[in-house]
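Colleague: I am sharing coords.cif, which consists of mmCIF, C-alpha atoms:
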```cif
data_upload
loop_
_atom_site.label_atom_id
_atom_site.label_comp_id
_atom_site.auth_asym_id
_atom_site.auth_seq_id
_atom_site.Cartn_x
_atom_site.Cartn_y
_atom_site.Cartn_z
CA GLN W 10 113.67 99.93 91.65
CA VAL W 11 110.18 101.21 90.91
CA THR W 12 109.95 100.40 87.23
CA GLY W 13 107.94 98.37 84.79
CA HIS W 14 104.47 96.92 84.84
CA LEU W 15 101.84 97.70 87.51
CA ASP W 16 99.62 94.94 88.95
CA ASP W 17 95.91 95.02 88.02
CA CYS W 18 96.70 97.47 85.15
CA THR W 19 97.92 97.43 81.57
CA CYS W 20 100.23 100.34 82.30
CA ASP W 21 103.85 100.78 83.37
CA VAL W 22 105.74 103.29 85.50
CA GLU W 23 107.82 104.75 82.65
CA THR W 24 104.76 105.70 80.56
CA ILE W 25 103.24 107.56 83.53
CA ASP W 26 106.53 109.35 84.34
CA ALA W 27 106.95 110.66 80.80
CA PHE W 28 103.28 111.67 80.45
CA ASN W 29 103.04 113.35 83.86
CA ASN W 30 106.39 115.08 84.19
CA TYR W 31 106.61 116.61 80.73
CA LYS W 32 103.03 117.04 79.55
CA LEU W 33 100.50 117.18 82.35
CA PHE W 34 102.27 118.47 85.46
CA PRO W 35 103.25 121.95 84.09
CA ARG W 36 99.72 122.68 82.83
CA LEU W 37 98.05 121.39 85.98
CA ASN W 38 100.30 123.54 88.15
CA GLU W 39 99.28 126.66 86.23
CA LEU W 40 95.58 125.81 86.66
CA LEU W 41 95.94 125.25 90.43
CA GLU W 42 97.51 128.67 90.89
CA SER W 43 94.38 130.37 89.50
CA ASP W 44 91.84 131.96 91.84
CA TYR W 45 89.10 129.40 91.23
CA PHE W 46 91.29 126.52 92.41
CA ARG W 47 93.36 128.11 95.14
CA TYR W 48 90.50 128.92 97.53
CA TYR W 49 89.02 125.95 99.36
CA LYS W 50 86.34 126.22 102.04
CA VAL W 51 86.92 123.94 104.99
CA ASN W 52 85.77 123.45 108.56
CA LEU W 53 88.85 122.62 110.64
CA LYS W 54 86.95 122.86 113.95
CA LYS W 55 84.81 119.73 113.61
CA PRO W 56 85.32 117.37 116.56
CA CYS W 57 86.73 113.89 116.02
CA PRO W 58 83.73 111.52 115.75
CA PHE W 59 85.61 108.37 116.80
CA TRP W 60 87.54 109.13 119.96
CA ASN W 61 87.94 111.97 122.45
CA ASP W 62 90.91 113.87 121.23
CA ASN W 63 91.84 117.37 122.20
CA SER W 64 95.53 116.96 121.48
CA HIS W 65 96.07 119.65 118.87
CA CYS W 66 99.52 120.09 117.51
CA GLY W 67 101.25 123.05 119.12
CA ILE W 68 103.96 123.35 116.46
CA ARG W 69 103.61 126.63 114.60
CA ASP W 70 104.02 124.96 111.20
CA CYS W 71 100.80 123.06 111.93
CA ALA W 72 98.74 126.25 111.89
CA VAL W 73 96.48 127.20 108.99
CA LEU W 74 95.96 130.81 108.01
CA PRO W 75 92.35 131.36 106.87
CA CYS W 76 91.56 134.14 104.35
CA PRO W 77 89.95 137.40 105.31
CA SER W 78 86.68 137.17 103.37
CA ASP W 79 87.37 140.32 101.34
CA GLU W 80 90.36 138.56 99.75
CA VAL W 81 88.18 135.80 98.28
CA PRO W 82 86.91 136.74 94.80
CA ASP W 83 83.23 137.80 94.74
CA GLY W 84 82.23 135.11 92.29
CA ILE W 85 83.49 132.38 94.62
CA ARG W 86 81.87 133.84 97.72
CA SER W 87 78.42 134.25 96.19
CA GLY W 88 78.26 130.47 96.17
CA SER W 89 74.59 130.11 95.38
CA TYR W 90 75.34 131.07 91.81
CA LYS W 91 77.41 127.97 91.36
CA TYR W 92 77.81 127.66 87.61
CA SER W 93 74.84 129.33 85.93
CA GLU W 94 75.81 130.91 82.65
CA GLU W 95 73.75 134.02 83.18
CA ALA W 96 75.54 134.64 86.49
CA ASN W 97 78.50 135.87 84.49
CA ASP W 98 76.45 138.77 83.14
CA LEU W 99 74.93 139.86 86.41
CA ALA W 100 77.44 142.36 87.74
CA GLU W 101 74.90 144.45 89.67
CA GLU W 102 73.45 141.32 91.29
CA CYS W 103 76.96 140.41 92.26
CA GLU W 104 77.19 143.72 94.11
CA GLU W 105 73.94 142.86 95.86
CA ALA W 106 75.34 139.43 96.69
CA LYS W 107 78.29 141.13 98.28
CA ARG W 108 75.98 143.20 100.50
CA LEU W 109 73.58 140.41 101.41
CA GLY W 110 75.85 137.40 101.23
CA ALA W 111 73.05 135.57 99.41
CA VAL W 112 71.45 136.18 96.04
CA ASP W 113 68.51 133.81 95.82
CA GLY W 114 65.90 136.56 95.58
CA SER W 115 67.53 138.18 92.60
CA LEU W 116 68.03 135.07 90.47
CA SER W 117 65.77 134.14 87.58
CA LYS W 118 63.25 131.31 88.09
CA GLU W 119 65.27 128.89 85.96
CA THR W 120 68.45 129.52 87.94
CA GLN W 121 66.60 129.24 91.27
CA GLN W 122 65.33 125.83 90.15
CA ALA W 123 68.86 124.79 89.25
CA VAL W 124 70.19 126.00 92.61
CA LEU W 125 67.57 123.96 94.45
CA GLN W 126 68.50 120.96 92.37
CA TRP W 127 72.20 121.43 93.18
CA THR W 128 71.57 121.73 96.89
CA ARG W 129 69.53 118.56 96.87
CA HIS W 130 72.16 116.79 94.87
CA ASP W 131 74.92 117.92 97.20
CA ASP W 132 73.39 115.71 99.89
CA SER W 133 72.73 112.75 97.63
CA SER W 134 73.75 109.20 98.32
CA ASP W 135 76.31 108.83 95.55
CA SER W 136 78.87 110.70 97.59
CA PHE W 137 81.96 108.86 98.84
CA CYS W 138 82.83 111.57 101.35
CA GLU W 139 81.56 113.14 104.51
CA ALA W 140 81.69 116.67 103.13
CA ASP W 141 81.94 119.73 105.37
CA ASP W 142 78.87 121.90 105.70
CA ILE W 143 80.30 124.92 103.90
CA TYR W 144 77.49 127.13 105.27
CA SER W 145 78.53 126.43 108.86
CA PRO W 146 79.90 129.51 110.67
CA ASP W 147 83.04 127.46 111.39
CA ALA W 148 83.78 126.88 107.69
CA GLU W 149 86.39 129.29 106.35
CA TYR W 150 88.12 129.88 103.04
CA VAL W 151 91.77 128.88 102.95
CA ASP W 152 94.26 129.96 100.30
CA LEU W 153 95.99 126.68 99.44
CA LEU W 154 98.99 128.48 97.94
CA LEU W 155 99.67 130.22 101.27
CA ASN W 156 99.22 126.99 103.25
CA PRO W 157 101.28 124.46 101.26
CA GLU W 158 101.45 120.80 102.22
CA ARG W 159 104.86 120.13 103.73
CA TYR W 160 106.61 118.70 106.78
CA THR W 161 105.17 120.21 109.97
CA GLY W 162 106.80 118.10 112.69
CA TYR W 163 103.49 116.30 113.39
CA LYS W 164 104.41 112.66 114.01
CA GLY W 165 104.56 110.02 116.72
CA PRO W 166 101.65 108.20 118.40
CA ASP W 167 98.96 110.71 117.34
CA ALA W 168 99.81 110.54 113.66
CA TRP W 169 100.30 106.77 113.87
CA LYS W 170 96.85 106.36 115.45
CA ILE W 171 95.21 108.02 112.42
CA TRP W 172 96.86 105.78 109.83
CA ASN W 173 96.38 102.72 112.01
CA SER W 174 92.67 103.41 112.29
CA ILE W 175 92.45 103.84 108.50
CA TYR W 176 94.28 100.61 107.66
CA GLU W 177 93.12 98.37 110.49
CA GLU W 178 89.43 99.27 110.52
CA ASN W 179 88.64 100.49 107.02
CA CYS W 180 90.62 98.46 104.49
CA PHE W 181 88.50 95.27 104.52
CA LYS W 182 91.35 93.56 106.36
CA PRO W 183 90.76 90.64 108.74
CA GLN W 184 91.96 91.33 112.29
CA ASN W 185 94.41 88.44 112.34
CA VAL W 186 96.31 89.64 109.24
CA LYS W 187 98.79 92.30 110.30
CA ARG W 188 99.87 94.89 107.80
CA PRO W 189 103.61 94.91 107.07
CA LEU W 190 105.00 97.38 109.59
CA ALA W 191 107.41 95.08 111.36
CA PRO W 192 109.94 92.65 109.82
CA GLY W 193 108.52 89.32 108.71
CA ARG W 194 104.89 90.43 108.74
CA GLY W 195 104.62 91.32 105.08
CA HIS W 196 104.57 87.78 103.73
CA THR W 197 101.17 86.75 105.11
CA PHE W 198 99.73 90.18 104.41
CA TYR W 199 100.46 90.08 100.68
CA LYS W 200 99.34 86.49 100.49
CA TRP W 201 96.03 87.63 101.94
CA LEU W 202 95.85 90.67 99.63
CA LYS W 203 96.42 88.56 96.53
CA GLY W 204 93.58 86.30 97.57
CA VAL W 205 90.88 88.99 97.88
CA CYS W 206 88.71 90.36 95.08
CA VAL W 207 90.07 93.06 92.79
CA GLU W 208 87.86 95.78 94.38
CA LYS W 209 89.13 95.20 97.93
CA ARG W 210 92.69 94.99 96.68
CA ALA W 211 92.19 98.25 94.79
CA PHE W 212 90.79 99.92 97.91
CA TYR W 213 93.89 99.03 99.92
CA LYS W 214 96.18 100.19 97.09
CA LEU W 215 94.38 103.54 96.83
CA ILE W 216 94.82 104.23 100.54
CA SER W 217 98.44 103.04 100.50
CA GLY W 218 99.08 105.22 97.40
CA LEU W 219 97.59 108.25 99.15
CA HIS W 220 99.77 107.56 102.20
CA ALA W 221 102.86 107.26 99.97
CA SER W 222 102.00 110.50 98.17
CA ILE W 223 101.66 112.41 101.46
CA ASN W 224 104.99 110.98 102.67
CA ILE W 225 106.71 112.11 99.45
CA HIS W 226 105.43 115.68 99.97
CA LEU W 227 106.73 115.69 103.55
CA SER W 228 110.15 114.43 102.39
CA ALA W 229 110.34 116.82 99.42
CA ARG W 230 109.35 119.92 101.40
CA TYR W 231 111.19 119.24 104.63
CA LEU W 232 112.27 121.93 107.06
CA LEU W 233 116.03 121.93 106.44
CA GLN W 234 116.92 125.15 108.24
CA ASP W 235 115.02 127.07 110.90
CA THR W 236 116.70 130.20 112.19
CA TRP W 237 115.24 133.50 113.33
CA SER W 238 116.15 135.07 109.99
CA GLU W 239 114.89 132.39 107.61
CA LYS W 240 113.25 129.03 107.12
CA LYS W 241 114.47 126.80 104.34
CA TRP W 242 112.41 123.94 102.91
CA GLY W 243 113.71 121.32 100.52
CA PRO W 244 114.23 117.60 99.81
CA ASN W 245 115.36 115.44 102.72
CA VAL W 246 116.88 112.29 101.22
CA THR W 247 117.28 110.49 104.56
CA GLU W 248 113.60 110.99 105.37
CA PHE W 249 112.68 109.73 101.89
CA GLN W 250 114.86 106.62 102.28
CA GLN W 251 113.41 105.85 105.74
CA ARG W 252 109.99 105.57 104.10
CA PHE W 253 110.76 104.05 100.71
CA ASP W 254 114.23 102.49 100.45
CA GLU W 255 113.88 98.78 99.61
CA VAL W 256 116.52 97.61 102.13
CA ILE W 257 115.44 99.85 105.03
CA THR W 258 111.74 99.03 104.53
CA ARG W 259 112.45 95.34 103.80
CA GLY W 260 110.89 95.45 100.36
CA GLU W 261 107.86 97.47 101.46
CA GLY W 262 108.91 100.89 100.05
CA PRO W 263 108.78 100.04 96.32
CA ARG W 264 105.31 98.47 96.82
CA ARG W 265 104.10 101.72 98.38
CA LEU W 266 105.41 103.70 95.43
CA LYS W 267 103.74 101.36 92.94
CA ASN W 268 100.48 101.98 94.81
CA LEU W 269 101.03 105.71 94.24
CA TYR W 270 101.11 105.03 90.49
CA PHE W 271 97.93 102.96 90.82
CA LEU W 272 96.23 105.91 92.55
CA TYR W 273 97.50 108.20 89.76
CA LEU W 274 95.85 105.97 87.13
CA ILE W 275 92.52 105.87 88.97
CA GLU W 276 92.32 109.67 89.32
CA LEU W 277 93.56 110.23 85.76
CA ARG W 278 90.81 107.90 84.52
CA ALA W 279 88.20 109.92 86.42
CA LEU W 280 89.45 113.15 84.80
CA SER W 281 89.18 111.59 81.35
CA LYS W 282 85.60 110.43 82.09
CA VAL W 283 84.27 113.74 83.44
CA LEU W 284 85.15 115.79 80.34
CA PRO W 285 81.50 116.07 79.07
CA PHE W 286 80.45 117.73 82.36
CA PHE W 287 83.01 120.52 81.93
CA GLU W 288 82.66 120.85 78.15
CA ARG W 289 79.13 122.26 78.38
CA PRO W 290 78.96 125.98 77.51
CA SER W 291 76.87 126.52 80.67
CA PHE W 292 79.72 125.40 82.92
CA GLN W 293 81.84 128.35 84.06
CA LEU W 294 84.81 128.62 86.41
CA TYR W 295 83.12 131.67 87.85
CA THR W 296 85.28 134.04 89.92
CA GLY W 297 83.92 137.30 88.50
CA ASN W 298 86.93 138.04 86.25
CA LYS W 299 85.38 137.18 82.89
CA SER W 300 88.44 137.01 80.62
CA HIS W 301 90.54 135.13 83.18
CA ASP W 302 87.66 132.70 83.83
CA ALA W 303 87.38 131.92 80.12
CA GLU W 304 91.15 131.42 79.84
CA MET W 305 91.15 129.03 82.83
CA LYS W 306 88.22 127.05 81.44
CA ASN W 307 90.20 126.56 78.21
CA LEU W 308 93.21 125.38 80.21
CA LEU W 309 90.97 123.04 82.24
CA LEU W 310 89.57 121.49 79.03
CA GLU W 311 93.07 121.16 77.61
CA ILE W 312 94.12 119.20 80.74
CA LEU W 313 91.04 116.95 80.59
CA ARG W 314 91.54 116.24 76.87
CA LEU W 315 95.18 115.48 77.59
CA ALA W 316 94.05 113.07 80.34
CA LYS W 317 91.69 111.44 77.84
CA SER W 318 94.54 111.01 75.33
CA PHE W 319 96.62 108.93 77.78
CA PRO W 320 97.28 105.64 75.97
CA LEU W 321 97.07 103.08 78.80
CA HIS W 322 94.10 103.97 80.97
CA PHE W 323 92.99 101.88 83.91
CA ASP W 324 89.94 99.78 82.96
CA GLU W 325 87.44 100.22 85.76
CA ASN W 326 85.00 97.78 84.10
CA SER W 327 86.66 95.02 86.11
CA PHE W 328 85.18 96.66 89.22
CA PHE W 329 81.84 95.38 90.53
CA ALA W 330 81.36 93.29 87.41
CA GLY W 331 80.05 90.02 88.88
CA ASN W 332 76.66 89.08 90.27
CA LYS W 333 74.53 92.27 90.29
CA LYS W 334 73.28 91.90 93.86
CA GLU W 335 76.72 91.04 95.24
CA ALA W 336 78.29 93.86 93.21
CA ALA W 337 75.80 96.44 94.55
CA LYS W 338 76.45 95.30 98.13
CA LEU W 339 80.23 95.48 97.64
CA LYS W 340 80.01 98.92 96.02
CA GLU W 341 77.99 100.20 98.98
CA GLU W 342 80.58 98.76 101.41
CA PHE W 343 83.33 100.40 99.37
CA ARG W 344 81.51 103.76 99.59
CA LEU W 345 80.87 103.51 103.34
CA HIS W 346 84.46 102.49 104.12
CA PHE W 347 85.73 105.46 102.17
CA LYS W 348 83.21 107.78 103.82
CA ASN W 349 84.53 106.61 107.18
CA ILE W 350 88.09 107.46 106.16
CA SER W 351 86.98 110.97 105.21
CA LYS W 352 85.50 111.35 108.73
CA ILE W 353 88.77 110.19 110.35
CA MET W 354 90.41 113.32 108.85
CA ASP W 355 88.62 115.35 111.54
CA CYS W 356 90.74 113.49 114.12
CA VAL W 357 94.08 114.74 112.71
CA GLY W 358 95.71 116.91 115.38
CA CYS W 359 97.79 119.07 113.02
CA PHE W 360 95.53 121.59 111.27
CA LYS W 361 97.64 121.87 108.13
CA CYS W 362 97.73 118.05 107.83
CA ARG W 363 93.98 118.01 108.49
CA LEU W 364 93.36 120.55 105.73
CA TRP W 365 95.33 118.58 103.13
CA GLY W 366 94.00 115.24 104.40
CA LYS W 367 90.41 116.42 104.02
CA LEU W 368 91.08 117.91 100.60
CA GLN W 369 92.83 114.80 99.27
CA THR W 370 90.22 112.36 100.58
CA GLN W 371 87.46 114.54 99.13
CA GLY W 372 89.35 114.64 95.82
CA LEU W 373 89.72 110.87 95.70
CA GLY W 374 86.08 110.43 96.80
CA THR W 375 85.03 112.71 93.92
CA ALA W 376 87.13 110.66 91.47
CA LEU W 377 85.37 107.47 92.67
CA LYS W 378 81.98 109.16 92.37
CA ILE W 379 82.83 110.05 88.74
CA LEU W 380 83.97 106.51 87.88
CA PHE W 381 80.75 105.07 89.28
CA SER W 382 78.53 107.65 87.51
CA GLU W 383 79.63 106.97 83.96
CA ASN W 384 76.10 106.29 82.67
CA LEU W 385 74.83 109.55 84.17
CA ILE W 386 77.72 111.56 82.72
CA GLU W 387 77.01 110.20 79.25
CA LYS W 388 73.42 111.49 79.52
CA ILE W 389 74.34 115.06 80.52
CA PRO W 390 72.39 117.55 78.35
CA GLU W 391 74.47 120.17 76.53
CA SER W 392 72.52 123.06 78.03
CA GLY W 393 70.56 123.53 81.23
CA PRO W 394 71.22 121.89 84.58
CA SER W 395 72.52 118.35 84.72
CA TYR W 396 70.12 116.73 87.17
CA GLY W 397 71.54 113.24 87.04
CA PHE W 398 75.19 114.09 87.73
CA GLN W 399 76.46 117.16 89.50
CA LEU W 400 79.70 118.35 91.09
CA THR W 401 79.84 121.13 93.65
CA ARG W 402 82.59 123.74 93.49
CA GLN W 403 84.12 122.09 96.59
CA GLU W 404 84.30 118.74 94.79
CA ILE W 405 85.83 120.33 91.69
CA VAL W 406 88.51 122.18 93.67
CA ALA W 407 89.28 119.03 95.70
CA LEU W 408 89.37 116.77 92.61
CA PHE W 409 91.96 118.87 90.77
CA ASN W 410 94.05 119.78 93.82
CA ALA W 411 94.15 116.14 94.97
CA PHE W 412 95.29 115.05 91.54
CA GLY W 413 97.77 117.94 91.62
CA ARG W 414 99.28 116.46 94.79
CA ILE W 415 99.68 113.01 93.19
CA SER W 416 101.08 114.53 90.01
CA THR W 417 103.56 116.47 92.19
CA SER W 418 104.55 113.24 93.97
CA VAL W 419 105.35 111.51 90.68
CA ARG W 420 107.41 114.56 89.67
CA GLU W 421 109.22 114.67 93.05
CA LEU W 422 110.01 110.99 92.70
CA GLU W 423 112.00 111.85 89.58
CA ASN W 424 113.94 114.45 91.64
CA PHE W 425 114.74 111.95 94.38
CA LYS W 426 115.86 109.37 91.80
CA ASN W 427 118.27 111.95 90.35
CA ILE W 428 119.61 112.98 93.78
CA LEU W 429 120.20 109.33 94.76
CA ARG W 430 121.86 108.57 91.42
CA ASN W 431 124.28 111.46 91.95
CA MET W 432 125.06 110.34 95.50
CA ARG W 433 126.24 106.89 94.39
#
```
Starting from the file, give its structure as structure tokens.

Modeller:
Amino acid sequence: QVTGHLDDCTCDVETIDAFNNYKLFPRLNELLESDYFRYYKVNLKKPCPFWNDNSHCGIRDCAVLPCPSDEVPDGIRSGSYKYSEEANDLAEECEEAKRLGAVDGSLSKETQQAVLQWTRHDDSSDSFCEADDIYSPDAEYVDLLLNPERYTGYKGPDAWKIWNSIYEENCFKPQNVKRPLAPGRGHTFYKWLKGVCVEKRAFYKLISGLHASINIHLSARYLLQDTWSEKKWGPNVTEFQQRFDEVITRGEGPRRLKNLYFLYLIELRALSKVLPFFERPSFQLYTGNKSHDAEMKNLLLEILRLAKSFPLHFDENSFFAGNKKEAAKLKEEFRLHFKNISKIMDCVGCFKCRLWGKLQTQGLGTALKILFSENLIEKIPESGPSYGFQLTRQEIVALFNAFGRISTSVRELENFKNILRNMR
């Protein structure tokens, strides 16, 4: 039932399916398996800032396995290099970095300047996310391939409290309008949603799309068999139908899935816009393996150019287009609401869900930052540091992995459609 035109867009579901499933998804998957993109640094020990919550999930599938630091490639660990071109030629300094854990003293003046600039920029006010302090002793590298997002058994009141807090307090929604969880509630909710400005409507759809995407992953990688000899993960059709079937959800499921496609278009648009940042010769996916790094950069550019070639992009010019003062105020509200949602991720009791929640909100926050920095991106110089617009390695890894999750959801949707067709 999820077909045809998408609200607030010029695009349709079928165009996205064909583009994603046959062109983009296979290439993106290959990129995300590379060393640069599989290691993400995260602090899973931050306390919940909104309520006292010590209820951590005791289920073993909730656990996250951090990496021993010697497994993380040198180039990624010597983080102060970030992306300087000359860093690729400094093998002996890399050795020193390994011994000292920091390389500032051995960098050239120009690179030191750039590093300072990056650090300053990392704390700047254009960020949509509450990013982890990656220098904190509690921040650890996690291999995302060894800790896949899938069903962990984390559900019930604790999980509900997280989503409730996101929707009820952070989606610009008036208190008296209930979101459609129970029968009969949906009517007034959608009447309200239609009546608000396009930005607030988009905000709700992005969060709903992210929620739908996460639910698809949990249904597609469900624990089907758990014996002492083996665990088997795979698609659980019943679970999928509980969340998305039109009859069971009283019309709500297809709306959620359309919001997933809306989220896909927003993140795809960001990828198409950020191409100039990655095209510069000075940008390197630096892990220390020179030939592999060059190969992955080529693949990255291929993916971004493919994103740019998509025929029916979302037009973000409709956002914040009215009165300048009002628009600036709304944009700031938008940013702060999203920042709040990124903080709520530290309240998730299941560590694996927390990891993927933090990564996906940071990825979406980075996509929004890109869309709202278009003028700065256009002014990026071809060589030397880009002072106006910068992305940290964390943001880059989150941006592509978050889009990888949405791309996977669209692909999994195709699988579920086929399974359901064959069951009829």

Colleague: For CA of Asp17 (chain W) and CA of Lys209 (chain W), quote the distance in Å rounded to one decimal.

Modeller: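 Going from CA of Asp17 (chain W) over to CA of Lys209 (chain W) covers 12.0 Å.
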
Colleague: Which protein, DNA or RNA residues have an atom at most 12 Å from (90.4, 102.9, 112.8), counting all atoms listed in the file? List them as a list in words.

Modeller: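 Final list of nearby residues, as requested, is Pro58, Phe59, Trp60, Trp169, Lys170, Ile171, Trp172, Asn173, Ser174, Ile175, Tyr176, Glu177, Glu178, Asn179, Cys180, Phe181, Lys182, Gln184, His346, Phe347, Asn349, Ile350, Ser351, Lys352, Ile353, Met354 and Cys356 of chain W.
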
Colleague: Contacts of region 222-235 of chain W at 7 Å or less, counting all atoms listed in the file, minus same-chain residues fewer than 4 places along, as a list in words?

Modeller: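 The contact residues come out as Glu158, Arg159, Tyr160, Gly218, Glu239, Lys240, Lys241, Trp242, Gly243, Pro244, Asn245, Glu248, Phe249, Leu269, Ile415, Ser418 and Glu421 of chain W.
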
Colleague: What is the CA of Asn29 (chain W)-CA of Ile275 (chain W) distance in Å, reported with one decimal?

Modeller: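 Distance reported for this atom pair: 13.9 Å.
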
Colleague: I need the residue nearest Arg265 (chain W) from this list: W:Gln251, W:Gln371, W:Ser217, W:Asn30. Use only C-alpha atoms for the distance.

Modeller: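 Among the listed residues, the smallest separation from Arg265 (chain W) belongs to W:Ser217.
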
Colleague: Selection in question (the file shown): the PyMOL selection byres ((chain W and resi 270) around 9). Which residues does it include, as a PyMOL selection string?

Modeller: chain W and resi 15+21-22+25+218+266-269+271-275+415+419

Colleague: Report as JSON, numbers by chain the full result of the PyMOL selection byres ((chain W and resi 283-293) around 8) when it is applied to this structure.

Modeller: {"W": [92, 93, 94, 279, 280, 281, 282, 294, 295, 302, 303, 306, 310, 313, 314, 379, 386, 387, 389, 391, 392, 393]}

Colleague: Please expand the PyMOL selection byres ((chain W and resi 144-148) around 9) into the concrete residues it hits in this file, giving the result as a list of chain:residue names.

Modeller: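 Evaluating the PyMOL selection byres ((chain W and resi 144-148) around 9) on this file yields W:Lys50, W:Val51, W:Asn52, W:Leu53, W:Lys54, W:Lys55, W:Asp141, W:Asp142, W:Ile143, W:Glu149, W:Tyr150.
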
Colleague: By how many Å are CA of Pro183 (chain W) and CA of Cys206 (chain W) apart?

Modeller: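 If I compute the distance from CA of Pro183 (chain W) to CA of Cys206 (chain W), I get 13.8 Å.
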
Colleague: Restricting the calculation to all atoms listed in the file: of W:Glu276, W:Ala411, W:Asp26, W:Lys200, which residue gets closest to Asn424 (chain W)?

Modeller: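 Among the listed residues, W:Asp26 lies closest to Asn424 (chain W).
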
Colleague: Would you kindly return, as a CSV table (one decimal) with C-alpha atoms, in the coordinates of the input, each protein, DNA or RNA residue with an atom no farther than 9 Å from any atom of Phe328 (chain W), considering only C-alpha atoms and excluding same-chain residues fewer than 5 positions away?

Modeller:
```csv
chain,number,residue,atom,x,y,z
W,207,VAL,CA,90.1,93.1,92.8
W,208,GLU,CA,87.9,95.8,94.4
W,336,ALA,CA,78.3,93.9,93.2
W,340,LYS,CA,80.0,98.9,96.0
```

Colleague: Do a neighbour search on Lys378 (chain W) at 12 Å with all atoms listed in the file, toss out local chain neighbours closer than 4 positions, and write the hits as JSON, numbers by chain.

Modeller: {"W": [133, 134, 135, 136, 137, 138, 275, 276, 278, 279, 280, 282, 283, 340, 341, 343, 344, 347, 348, 371, 372, 373, 374, 382, 383, 384, 385, 386, 398, 399, 400, 404, 405, 408]}

Colleague: Write a file of the selected residues as a PDB file, in the frame of the given file, keeping C-alpha atoms.

Modeller:
```pdb
ATOM      1  CA  SER W 133      72.730 112.750  97.630  1.00  0.00           C
ATOM      2  CA  SER W 134      73.750 109.200  98.320  1.00  0.00           C
ATOM      3  CA  ASP W 135      76.310 108.830  95.550  1.00  0.00           C
ATOM      4  CA  SER W 136      78.870 110.700  97.590  1.00  0.00           C
ATOM      5  CA  PHE W 137      81.960 108.860  98.840  1.00  0.00           C
ATOM      6  CA  CYS W 138      82.830 111.570 101.350  1.00  0.00           C
ATOM      7  CA  ILE W 275      92.520 105.870  88.970  1.00  0.00           C
ATOM      8  CA  GLU W 276      92.320 109.670  89.320  1.00  0.00           C
ATOM      9  CA  ARG W 278      90.810 107.900  84.520  1.00  0.00           C
ATOM     10  CA  ALA W 279      88.200 109.920  86.420  1.00  0.00           C
ATOM     11  CA  LEU W 280      89.450 113.150  84.800  1.00  0.00           C
ATOM     12  CA  LYS W 282      85.600 110.430  82.090  1.00  0.00           C
ATOM     13  CA  VAL W 283      84.270 113.740  83.440  1.00  0.00           C
ATOM     14  CA  LYS W 340      80.010  98.920  96.020  1.00  0.00           C
ATOM     15  CA  GLU W 341      77.990 100.200  98.980  1.00  0.00           C
ATOM     16  CA  PHE W 343      83.330 100.400  99.370  1.00  0.00           C
ATOM     17  CA  ARG W 344      81.510 103.760  99.590  1.00  0.00           C
ATOM     18  CA  PHE W 347      85.730 105.460 102.170  1.00  0.00           C
ATOM     19  CA  LYS W 348      83.210 107.780 103.820  1.00  0.00           C
ATOM     20  CA  GLN W 371      87.460 114.540  99.130  1.00  0.00           C
ATOM     21  CA  GLY W 372      89.350 114.640  95.820  1.00  0.00           C
ATOM     22  CA  LEU W 373      89.720 110.870  95.700  1.00  0.00           C
ATOM     23  CA  GLY W 374      86.080 110.430  96.800  1.00  0.00           C
ATOM     24  CA  SER W 382      78.530 107.650  87.510  1.00  0.00           C
ATOM     25  CA  GLU W 383      79.630 106.970  83.960  1.00  0.00           C
ATOM     26  CA  ASN W 384      76.100 106.290  82.670  1.00  0.00           C
ATOM     27  CA  LEU W 385      74.830 109.550  84.170  1.00  0.00           C
ATOM     28  CA  ILE W 386      77.720 111.560  82.720  1.00  0.00           C
ATOM     29  CA  PHE W 398      75.190 114.090  87.730  1.00  0.00           C
ATOM     30  CA  GLN W 399      76.460 117.160  89.500  1.00  0.00           C
ATOM     31  CA  LEU W 400      79.700 118.350  91.090  1.00  0.00           C
ATOM     32  CA  GLU W 404      84.300 118.740  94.790  1.00  0.00           C
ATOM     33  CA  ILE W 405      85.830 120.330  91.690  1.00  0.00           C
ATOM     34  CA  LEU W 408      89.370 116.770  92.610  1.00  0.00           C
TER      35      LEU W 408
END
```

Colleague: Set up a box along x, y and z of the file covering all listed atoms of region 39-42 of chain W, add 4 Å on every one of the six sides, and write the centre and edge lengths in Å to one decimal, as JSON.

Modeller:
```
{"center_x": 97.4, "center_y": 127.0, "center_z": 88.6, "size_x": 11.7, "size_y": 11.4, "size_z": 12.7}
```

Colleague: Show me a table, sorted first by chain and then by increasing residue number, of the residues of region 265-376 of chain W having an atom at most 8 Å from region 36-40 of chain W, each with its shortest atom pair and the distance in Å to one decimal, counting all atoms listed in the file and written as a Markdown table.

Modeller:
```
| residue | atom | partner | partner_atom | distance |
| --- | --- | --- | --- | --- |
| W:Met305 | CA | W:Leu40 | CA | 6.7 |
| W:Leu308 | CA | W:Leu40 | CA | 6.9 |
| W:Leu309 | CA | W:Leu40 | CA | 7.0 |
| W:Ile312 | CA | W:Leu37 | CA | 6.9 |
```

Colleague: Can you tell me, as a list in words, which residues sit within 10 Å of (102.4, 114.5, 111.7) in the file's frame, using all atoms listed in the file?

Modeller: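 Using all atoms listed in the file, the matching residues come out as Cys66, Cys71, Tyr160, Thr161, Gly162, Tyr163, Lys164, Gly165, Pro166, Asp167, Ala168, Trp169, Ile171, Leu227, Val357, Gly358, Cys359, Phe360, Lys361, Cys362 and Arg363 of chain W.
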